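Enquirer: Once you've had a glance at the structure underneath, I'll fire off some questions.
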Amino acid sequence: MAYWLVKSEPFKYSWDQLQKDKITTWDGVRNYAARNNLRSMKKGEEVLFYHSNEGVEIVGIAKVAKEAYQDPTTDNPAWLVVELKPFKKLKKPVTLAQVKADTRLADMDLVRLGRLSVQTVKEKEWEIIMSMAEEK
């Protein structure tokens, strides 16, 4: 199973809003690398939900509810969406500062590709994040 991370500015779409909505279409992605990551997501895979710009922390885990399909916000077939549903709010949010301070996470996309809105997360990185969040 693959793991992922999605970023959202909380004032635009927050973890609390995802929990309230129970499912959301992850639309508006206009970066080819992020789009390719959306394309690779499989139903049931787990996704870290990261608040960017304010909060700057991983706050929850979502699951892929529906695999990639044409983004309904554009007629351009190059752009895709997935549907995400909330799975679990982290016991302890993991800040970007914590991630950057942990040398085991130096190669994580969140550190290396900071602006990418949909990222891969390696299994070992996932395990470290879960430990930092006191989920294991």
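As shown in the structure tokens, the chain order sets the letters A, B, ...; within each chain, residues go from 1, and ligands are also counted from 1 in the order they appear.
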Quick one: residues within 8 Å of Leu116 of chain A, only C-alpha atoms counted, chain neighbours fewer than 2 positions away excluded, as a list in words?
Expert: Asn31, Ala33, Ala34, Leu110, Leu113, Gly114, Val118 and Gln119 of chain A
Enquirer: Leaving out Gln98 of chain A and any residue of its chain fewer than 6 positions from it, which residues lie within 10 Å of it when counting only C-alpha atoms, given as a ChimeraX atom specification?
Expert: /A:57,105,129,132
Enquirer: Counting only C-alpha atoms, which of A:Val111, A:Glu134, A:Pro77, A:Thr25 gets nearest to Ala97 of chain A?
Expert: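 Among A:Val111, A:Glu134, A:Pro77, A:Thr25, it is A:Val111 that comes nearest to Ala97 of chain A.
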Enquirer: What's around Thr120 of chain A at 7 Å? Count only C-alpha atoms, leave out sequence neighbours fewer than 5 positions away in its own chain, and write the answer as a PyMOL selection string.
Expert: chain A and resi 3-5+109
Enquirer: Please extract the residues of segment 97-127 of chain A with a backbone DSSP assignment of helix (DSSP H, G or I) and present them as a PyMOL selection string.
Expert: chain A and resi 97-101+103-105+109-112+123-127
Enquirer: Give me a file of those residues, with C-alpha atoms, as a compact mmCIF listing (two decimals), in the first residue's frame.
Expert:
```
# COMPACT_ATOMS: atom_id res chain seq x y z
CA ALA A 97 9.46 22.15 12.29
CA GLN A 98 9.39 18.69 13.90
CA VAL A 99 9.58 16.99 10.50
CA LYS A 100 12.52 19.17 9.42
CA ALA A 101 14.31 18.61 12.74
CA THR A 103 17.17 13.77 10.19
CA ARG A 104 15.40 10.50 9.32
CA LEU A 105 12.88 12.60 7.37
CA ASP A 109 8.80 15.20 -0.05
CA LEU A 110 7.43 17.59 2.58
CA VAL A 111 11.00 18.74 3.25
CA ARG A 112 12.43 18.50 -0.28
CA GLU A 123 6.43 3.61 4.47
CA LYS A 124 9.33 4.37 6.84
CA GLU A 125 8.41 8.10 6.79
CA TRP A 126 4.80 7.16 7.59
CA GLU A 127 5.93 5.07 10.56
```
Enquirer: Got a sec: who's within 6 Å of segment 94-96 of chain A, counting only C-alpha atoms, leaving out chain neighbours fewer than 4 positions off, as a count of residues only?
Expert: 4
Enquirer: Can you list, as a short mmCIF file (atom, residue, chain, number, x, y, z; two decimals) with C-alpha atoms, in the first residue's frame, every protein, DNA or RNA residue that comes within 10 Å of Lys20 of chain A when you count only C-alpha atoms, leaving out same-chain residues fewer than 5 positions away?
Expert:
```cif
data_model
loop_
_atom_site.label_atom_id
_atom_site.label_comp_id
_atom_site.auth_asym_id
_atom_site.auth_seq_id
_atom_site.Cartn_x
_atom_site.Cartn_y
_atom_site.Cartn_z
CA SER A 14 -9.54 22.44 6.86
CA TRP A 15 -9.40 19.03 8.50
CA PRO A 86 -11.64 11.48 6.96
#
```
Enquirer: List the neighbours of segment 66-71 of chain A out to 9 Å using only C-alpha atoms; skip same-chain residues closer than 2 positions along the sequence, and give me the result as a list in words.
Expert: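 Surrounding residues, per the criterion: Thr25, Trp26, Asp27, Gly28, Val29, Leu38, Arg39, Ser40, Met41, Lys42, Lys43, Gly44, Val64, Thr73, Thr74, Asp75, Asn76, Pro77, Ala78, Trp79, Leu80, Val81, Val82, Glu83 and Leu84 of chain A.
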Enquirer: Could you write out that same residue set with N, CA and C atoms as a short mmCIF file (atom, residue, chain, number, x, y, z; two decimals), in the first residue's frame?
Expert:
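Contents of the output file out-v8.cif:
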```
data_model
loop_
_atom_site.label_atom_id
_atom_site.label_comp_id
_atom_site.auth_asym_id
_atom_site.auth_seq_id
_atom_site.Cartn_x
_atom_site.Cartn_y
_atom_site.Cartn_z
N THR A 25 -14.15 16.12 -2.74
CA THR A 25 -13.45 15.96 -4.01
C THR A 25 -12.21 16.83 -3.94
N TRP A 26 -11.02 16.23 -4.11
CA TRP A 26 -9.76 16.97 -4.03
C TRP A 26 -9.48 17.54 -5.41
N ASP A 27 -10.02 18.75 -5.66
CA ASP A 27 -9.96 19.34 -7.00
C ASP A 27 -9.04 20.55 -7.04
N GLY A 28 -8.89 21.10 -8.24
CA GLY A 28 -8.12 22.32 -8.42
C GLY A 28 -6.62 22.13 -8.49
N VAL A 29 -6.14 20.88 -8.52
CA VAL A 29 -4.70 20.63 -8.61
C VAL A 29 -4.24 20.96 -10.02
N LEU A 38 -2.00 12.10 -7.76
CA LEU A 38 -3.43 11.83 -7.68
C LEU A 38 -3.78 10.59 -8.52
N ARG A 39 -3.23 10.52 -9.71
CA ARG A 39 -3.49 9.41 -10.63
C ARG A 39 -3.07 8.07 -10.01
N SER A 40 -2.03 8.08 -9.20
CA SER A 40 -1.49 6.85 -8.61
C SER A 40 -2.22 6.40 -7.35
N MET A 41 -3.04 7.25 -6.77
CA MET A 41 -3.74 6.91 -5.53
C MET A 41 -4.76 5.80 -5.77
N LYS A 42 -4.81 4.86 -4.84
CA LYS A 42 -5.75 3.74 -4.92
C LYS A 42 -6.75 3.81 -3.77
N LYS A 43 -7.95 3.36 -4.04
CA LYS A 43 -9.01 3.36 -3.02
C LYS A 43 -8.52 2.64 -1.76
N GLY A 44 -8.76 3.29 -0.62
CA GLY A 44 -8.39 2.72 0.67
C GLY A 44 -7.02 3.14 1.18
N VAL A 64 -8.42 7.42 0.66
CA VAL A 64 -8.92 7.60 -0.71
C VAL A 64 -10.24 6.85 -0.81
N THR A 73 -13.96 20.80 -12.32
CA THR A 73 -13.83 22.26 -12.31
C THR A 73 -13.17 22.78 -13.58
N THR A 74 -12.81 21.88 -14.51
CA THR A 74 -12.18 22.30 -15.77
C THR A 74 -12.58 21.35 -16.89
N ASP A 75 -12.56 21.87 -18.10
CA ASP A 75 -12.82 21.03 -19.28
C ASP A 75 -11.56 20.35 -19.78
N ASN A 76 -10.41 20.73 -19.24
CA ASN A 76 -9.14 20.17 -19.67
C ASN A 76 -8.98 18.75 -19.11
N PRO A 77 -8.91 17.75 -19.98
CA PRO A 77 -8.83 16.37 -19.51
C PRO A 77 -7.50 16.01 -18.82
N ALA A 78 -6.53 16.92 -18.84
CA ALA A 78 -5.24 16.65 -18.21
C ALA A 78 -5.34 16.66 -16.68
N TRP A 79 -6.38 17.30 -16.13
CA TRP A 79 -6.46 17.49 -14.69
C TRP A 79 -7.43 16.52 -14.05
N LEU A 80 -7.01 15.98 -12.91
CA LEU A 80 -7.74 14.92 -12.23
C LEU A 80 -8.08 15.29 -10.80
N VAL A 81 -9.00 14.53 -10.22
CA VAL A 81 -9.35 14.64 -8.80
C VAL A 81 -9.41 13.24 -8.21
N VAL A 82 -9.36 13.17 -6.90
CA VAL A 82 -9.73 11.96 -6.16
C VAL A 82 -10.74 12.41 -5.11
N GLU A 83 -11.41 11.44 -4.52
CA GLU A 83 -12.29 11.75 -3.40
C GLU A 83 -11.64 11.21 -2.13
N LEU A 84 -11.67 12.04 -1.10
CA LEU A 84 -11.08 11.69 0.19
C LEU A 84 -12.14 11.72 1.28
#
```
Enquirer: DSSP on the backbone, then: every residue of chain A marked strand (DSSP E), written as a PDB file with N, CA and C atoms, in the first residue's frame.
Expert:
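Okay, this is what ended up in result-v4.pdb:
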```
ATOM      1  N   TYR A   3       1.383   5.446   0.561  1.00  0.00           N
ATOM      2  CA  TYR A   3       0.929   6.499   1.468  1.00  0.00           C
ATOM      3  C   TYR A   3       1.126   7.840   0.789  1.00  0.00           C
ATOM      4  N   TRP A   4       0.332   8.824   1.203  1.00  0.00           N
ATOM      5  CA  TRP A   4       0.303  10.125   0.552  1.00  0.00           C
ATOM      6  C   TRP A   4       0.195  11.241   1.570  1.00  0.00           C
ATOM      7  N   LEU A   5       0.396  12.471   1.085  1.00  0.00           N
ATOM      8  CA  LEU A   5       0.169  13.668   1.886  1.00  0.00           C
ATOM      9  C   LEU A   5      -0.478  14.698   0.974  1.00  0.00           C
ATOM     10  N   VAL A   6      -1.544  15.326   1.457  1.00  0.00           N
ATOM     11  CA  VAL A   6      -2.172  16.443   0.742  1.00  0.00           C
ATOM     12  C   VAL A   6      -2.093  17.673   1.626  1.00  0.00           C
ATOM     13  N   LYS A   7      -1.967  18.806   0.961  1.00  0.00           N
ATOM     14  CA  LYS A   7      -1.849  20.082   1.674  1.00  0.00           C
ATOM     15  C   LYS A   7      -3.062  20.945   1.382  1.00  0.00           C
ATOM     16  N   SER A   8      -3.508  21.634   2.414  1.00  0.00           N
ATOM     17  CA  SER A   8      -4.593  22.586   2.247  1.00  0.00           C
ATOM     18  C   SER A   8      -4.409  23.718   3.246  1.00  0.00           C
ATOM     19  N   THR A  24     -14.845  14.538   0.399  1.00  0.00           N
ATOM     20  CA  THR A  24     -14.613  15.714  -0.437  1.00  0.00           C
ATOM     21  C   THR A  24     -13.936  15.310  -1.734  1.00  0.00           C
ATOM     22  N   THR A  25     -14.150  16.116  -2.744  1.00  0.00           N
ATOM     23  CA  THR A  25     -13.451  15.962  -4.010  1.00  0.00           C
ATOM     24  C   THR A  25     -12.208  16.834  -3.938  1.00  0.00           C
ATOM     25  N   TRP A  26     -11.020  16.228  -4.110  1.00  0.00           N
ATOM     26  CA  TRP A  26      -9.761  16.966  -4.032  1.00  0.00           C
ATOM     27  C   TRP A  26      -9.477  17.542  -5.413  1.00  0.00           C
ATOM     28  N   GLU A  46      -4.041   5.449   2.614  1.00  0.00           N
ATOM     29  CA  GLU A  46      -4.093   6.481   3.640  1.00  0.00           C
ATOM     30  C   GLU A  46      -3.303   7.720   3.231  1.00  0.00           C
ATOM     31  N   VAL A  47      -3.835   8.878   3.634  1.00  0.00           N
ATOM     32  CA  VAL A  47      -3.338  10.181   3.200  1.00  0.00           C
ATOM     33  C   VAL A  47      -3.187  11.099   4.411  1.00  0.00           C
ATOM     34  N   LEU A  48      -1.975  11.605   4.627  1.00  0.00           N
ATOM     35  CA  LEU A  48      -1.774  12.604   5.671  1.00  0.00           C
ATOM     36  C   LEU A  48      -2.410  13.913   5.230  1.00  0.00           C
ATOM     37  N   PHE A  49      -3.127  14.561   6.125  1.00  0.00           N
ATOM     38  CA  PHE A  49      -3.772  15.843   5.838  1.00  0.00           C
ATOM     39  C   PHE A  49      -2.960  16.925   6.531  1.00  0.00           C
ATOM     40  N   TYR A  50      -2.379  17.806   5.740  1.00  0.00           N
ATOM     41  CA  TYR A  50      -1.434  18.818   6.219  1.00  0.00           C
ATOM     42  C   TYR A  50      -2.030  20.211   6.058  1.00  0.00           C
ATOM     43  N   HIS A  51      -2.042  20.974   7.136  1.00  0.00           N
ATOM     44  CA  HIS A  51      -2.451  22.377   7.074  1.00  0.00           C
ATOM     45  C   HIS A  51      -1.246  23.224   6.700  1.00  0.00           C
ATOM     46  N   GLU A  57       1.136  22.036   9.943  1.00  0.00           N
ATOM     47  CA  GLU A  57       1.276  20.767  10.648  1.00  0.00           C
ATOM     48  C   GLU A  57       0.384  19.700  10.027  1.00  0.00           C
ATOM     49  N   ILE A  58       0.780  18.455  10.241  1.00  0.00           N
ATOM     50  CA  ILE A  58      -0.021  17.304   9.835  1.00  0.00           C
ATOM     51  C   ILE A  58      -1.033  17.084  10.941  1.00  0.00           C
ATOM     52  N   VAL A  59      -2.327  17.092  10.584  1.00  0.00           N
ATOM     53  CA  VAL A  59      -3.368  17.063  11.612  1.00  0.00           C
ATOM     54  C   VAL A  59      -4.246  15.819  11.588  1.00  0.00           C
ATOM     55  N   GLY A  60      -4.265  15.107  10.460  1.00  0.00           N
ATOM     56  CA  GLY A  60      -5.154  13.962  10.385  1.00  0.00           C
ATOM     57  C   GLY A  60      -4.775  12.994   9.280  1.00  0.00           C
ATOM     58  N   ILE A  61      -5.527  11.898   9.243  1.00  0.00           N
ATOM     59  CA  ILE A  61      -5.366  10.881   8.204  1.00  0.00           C
ATOM     60  C   ILE A  61      -6.690  10.744   7.478  1.00  0.00           C
ATOM     61  N   ALA A  62      -6.637  10.875   6.169  1.00  0.00           N
ATOM     62  CA  ALA A  62      -7.801  10.640   5.315  1.00  0.00           C
ATOM     63  C   ALA A  62      -7.567   9.331   4.561  1.00  0.00           C
ATOM     64  N   LYS A  63      -8.607   8.855   3.915  1.00  0.00           N
ATOM     65  CA  LYS A  63      -8.478   7.683   3.051  1.00  0.00           C
ATOM     66  C   LYS A  63      -9.016   8.037   1.677  1.00  0.00           C
ATOM     67  N   VAL A  64      -8.420   7.421   0.661  1.00  0.00           N
ATOM     68  CA  VAL A  64      -8.918   7.600  -0.705  1.00  0.00           C
ATOM     69  C   VAL A  64     -10.243   6.847  -0.808  1.00  0.00           C
ATOM     70  N   ALA A  65     -11.319   7.587  -1.094  1.00  0.00           N
ATOM     71  CA  ALA A  65     -12.654   6.997  -1.205  1.00  0.00           C
ATOM     72  C   ALA A  65     -12.981   6.652  -2.657  1.00  0.00           C
ATOM     73  N   LYS A  66     -12.423   7.413  -3.597  1.00  0.00           N
ATOM     74  CA  LYS A  66     -12.644   7.166  -5.022  1.00  0.00           C
ATOM     75  C   LYS A  66     -11.382   7.542  -5.769  1.00  0.00           C
ATOM     76  N   GLU A  67     -10.958   6.675  -6.671  1.00  0.00           N
ATOM     77  CA  GLU A  67      -9.727   6.901  -7.435  1.00  0.00           C
ATOM     78  C   GLU A  67      -9.918   7.997  -8.484  1.00  0.00           C
ATOM     79  N   ALA A  68      -8.820   8.393  -9.096  1.00  0.00           N
ATOM     80  CA  ALA A  68      -8.754   9.560  -9.982  1.00  0.00           C
ATOM     81  C   ALA A  68      -9.767   9.515 -11.126  1.00  0.00           C
ATOM     82  N   TYR A  69     -10.328  10.693 -11.372  1.00  0.00           N
ATOM     83  CA  TYR A  69     -11.206  10.920 -12.530  1.00  0.00           C
ATOM     84  C   TYR A  69     -11.092  12.389 -12.937  1.00  0.00           C
ATOM     85  N   GLN A  70     -11.664  12.732 -14.079  1.00  0.00           N
ATOM     86  CA  GLN A  70     -11.597  14.090 -14.645  1.00  0.00           C
ATOM     87  C   GLN A  70     -12.047  15.134 -13.624  1.00  0.00           C
ATOM     88  N   LEU A  80      -7.008  15.977 -12.910  1.00  0.00           N
ATOM     89  CA  LEU A  80      -7.737  14.916 -12.231  1.00  0.00           C
ATOM     90  C   LEU A  80      -8.083  15.292 -10.797  1.00  0.00           C
ATOM     91  N   VAL A  81      -8.998  14.530 -10.215  1.00  0.00           N
ATOM     92  CA  VAL A  81      -9.349  14.643  -8.801  1.00  0.00           C
ATOM     93  C   VAL A  81      -9.409  13.238  -8.205  1.00  0.00           C
ATOM     94  N   VAL A  82      -9.362  13.169  -6.899  1.00  0.00           N
ATOM     95  CA  VAL A  82      -9.732  11.962  -6.159  1.00  0.00           C
ATOM     96  C   VAL A  82     -10.741  12.406  -5.109  1.00  0.00           C
ATOM     97  N   GLU A  83     -11.415  11.439  -4.521  1.00  0.00           N
ATOM     98  CA  GLU A  83     -12.292  11.747  -3.399  1.00  0.00           C
ATOM     99  C   GLU A  83     -11.642  11.210  -2.132  1.00  0.00           C
ATOM    100  N   LEU A  84     -11.666  12.040  -1.099  1.00  0.00           N
ATOM    101  CA  LEU A  84     -11.076  11.689   0.193  1.00  0.00           C
ATOM    102  C   LEU A  84     -12.142  11.719   1.276  1.00  0.00           C
ATOM    103  N   LYS A  85     -11.981  10.816   2.253  1.00  0.00           N
ATOM    104  CA  LYS A  85     -12.858  10.822   3.419  1.00  0.00           C
ATOM    105  C   LYS A  85     -11.981  10.828   4.662  1.00  0.00           C
ATOM    106  N   PRO A  86     -12.448  11.454   5.737  1.00  0.00           N
ATOM    107  CA  PRO A  86     -11.642  11.478   6.962  1.00  0.00           C
ATOM    108  C   PRO A  86     -11.565  10.075   7.567  1.00  0.00           C
ATOM    109  N   PHE A  87     -10.422   9.765   8.137  1.00  0.00           N
ATOM    110  CA  PHE A  87     -10.248   8.484   8.809  1.00  0.00           C
ATOM    111  C   PHE A  87      -9.994   8.698  10.294  1.00  0.00           C
ATOM    112  N   LYS A  88      -9.004   9.561  10.602  1.00  0.00           N
ATOM    113  CA  LYS A  88      -8.629   9.733  12.005  1.00  0.00           C
ATOM    114  C   LYS A  88      -7.916  11.064  12.200  1.00  0.00           C
ATOM    115  N   LYS A  89      -8.324  11.793  13.222  1.00  0.00           N
ATOM    116  CA  LYS A  89      -7.581  12.984  13.641  1.00  0.00           C
ATOM    117  C   LYS A  89      -6.386  12.495  14.450  1.00  0.00           C
ATOM    118  N   LEU A  90      -5.210  13.045  14.191  1.00  0.00           N
ATOM    119  CA  LEU A  90      -4.025  12.625  14.932  1.00  0.00           C
ATOM    120  C   LEU A  90      -4.143  13.030  16.401  1.00  0.00           C
ATOM    121  N   LYS A  91      -3.677  12.157  17.281  1.00  0.00           N
ATOM    122  CA  LYS A  91      -3.680  12.459  18.716  1.00  0.00           C
ATOM    123  C   LYS A  91      -2.852  13.710  18.985  1.00  0.00           C
ATOM    124  N   LYS A  92      -1.747  13.816  18.256  1.00  0.00           N
ATOM    125  CA  LYS A  92      -0.823  14.930  18.440  1.00  0.00           C
ATOM    126  C   LYS A  92      -0.388  15.404  17.042  1.00  0.00           C
ATOM    127  N   PRO A  93      -0.782  16.613  16.624  1.00  0.00           N
ATOM    128  CA  PRO A  93      -0.341  17.102  15.317  1.00  0.00           C
ATOM    129  C   PRO A  93       1.186  17.112  15.218  1.00  0.00           C
ATOM    130  N   VAL A  94       1.687  16.911  14.019  1.00  0.00           N
ATOM    131  CA  VAL A  94       3.130  16.906  13.771  1.00  0.00           C
ATOM    132  C   VAL A  94       3.460  18.143  12.943  1.00  0.00           C
ATOM    133  N   THR A  95       4.264  19.032  13.516  1.00  0.00           N
ATOM    134  CA  THR A  95       4.575  20.297  12.851  1.00  0.00           C
ATOM    135  C   THR A  95       5.656  20.125  11.787  1.00  0.00           C
ATOM    136  N   VAL A 118       0.349  17.594  -3.512  1.00  0.00           N
ATOM    137  CA  VAL A 118       0.011  16.184  -3.332  1.00  0.00           C
ATOM    138  C   VAL A 118       1.322  15.420  -3.427  1.00  0.00           C
ATOM    139  N   GLN A 119       1.686  14.748  -2.340  1.00  0.00           N
ATOM    140  CA  GLN A 119       3.026  14.170  -2.236  1.00  0.00           C
ATOM    141  C   GLN A 119       2.988  12.690  -1.882  1.00  0.00           C
ATOM    142  N   THR A 120       4.071  12.010  -2.208  1.00  0.00           N
ATOM    143  CA  THR A 120       4.235  10.634  -1.769  1.00  0.00           C
ATOM    144  C   THR A 120       4.820  10.630  -0.351  1.00  0.00           C
ATOM    145  N   VAL A 121       4.539   9.567   0.375  1.00  0.00           N
ATOM    146  CA  VAL A 121       5.113   9.360   1.702  1.00  0.00           C
ATOM    147  C   VAL A 121       5.596   7.909   1.733  1.00  0.00           C
TER     148      VAL A 121
END
```
Enquirer: Atom CA of Ser117 of chain A and atom CA of Phe11 of chain A are how many Å apart?
Expert: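 So the two atoms, atom CA of Ser117 of chain A and atom CA of Phe11 of chain A, lie 15.6 Å apart.
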Enquirer: Just the number, please: distance in Å from atom CA of Asn53 of chain A to atom CA of Pro10 of chain A, one decimal.
Expert: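 Taking atom CA of Asn53 of chain A and atom CA of Pro10 of chain A, their separation equals 8.1 Å.
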Enquirer: Using only C-alpha atoms, find the one residue out of A:Met1, A:Lys122, A:Leu18, A:Met130 that sits nearest to Glu45 of chain A.
Expert: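 Smallest separation from Glu45 of chain A among the options: A:Met1.
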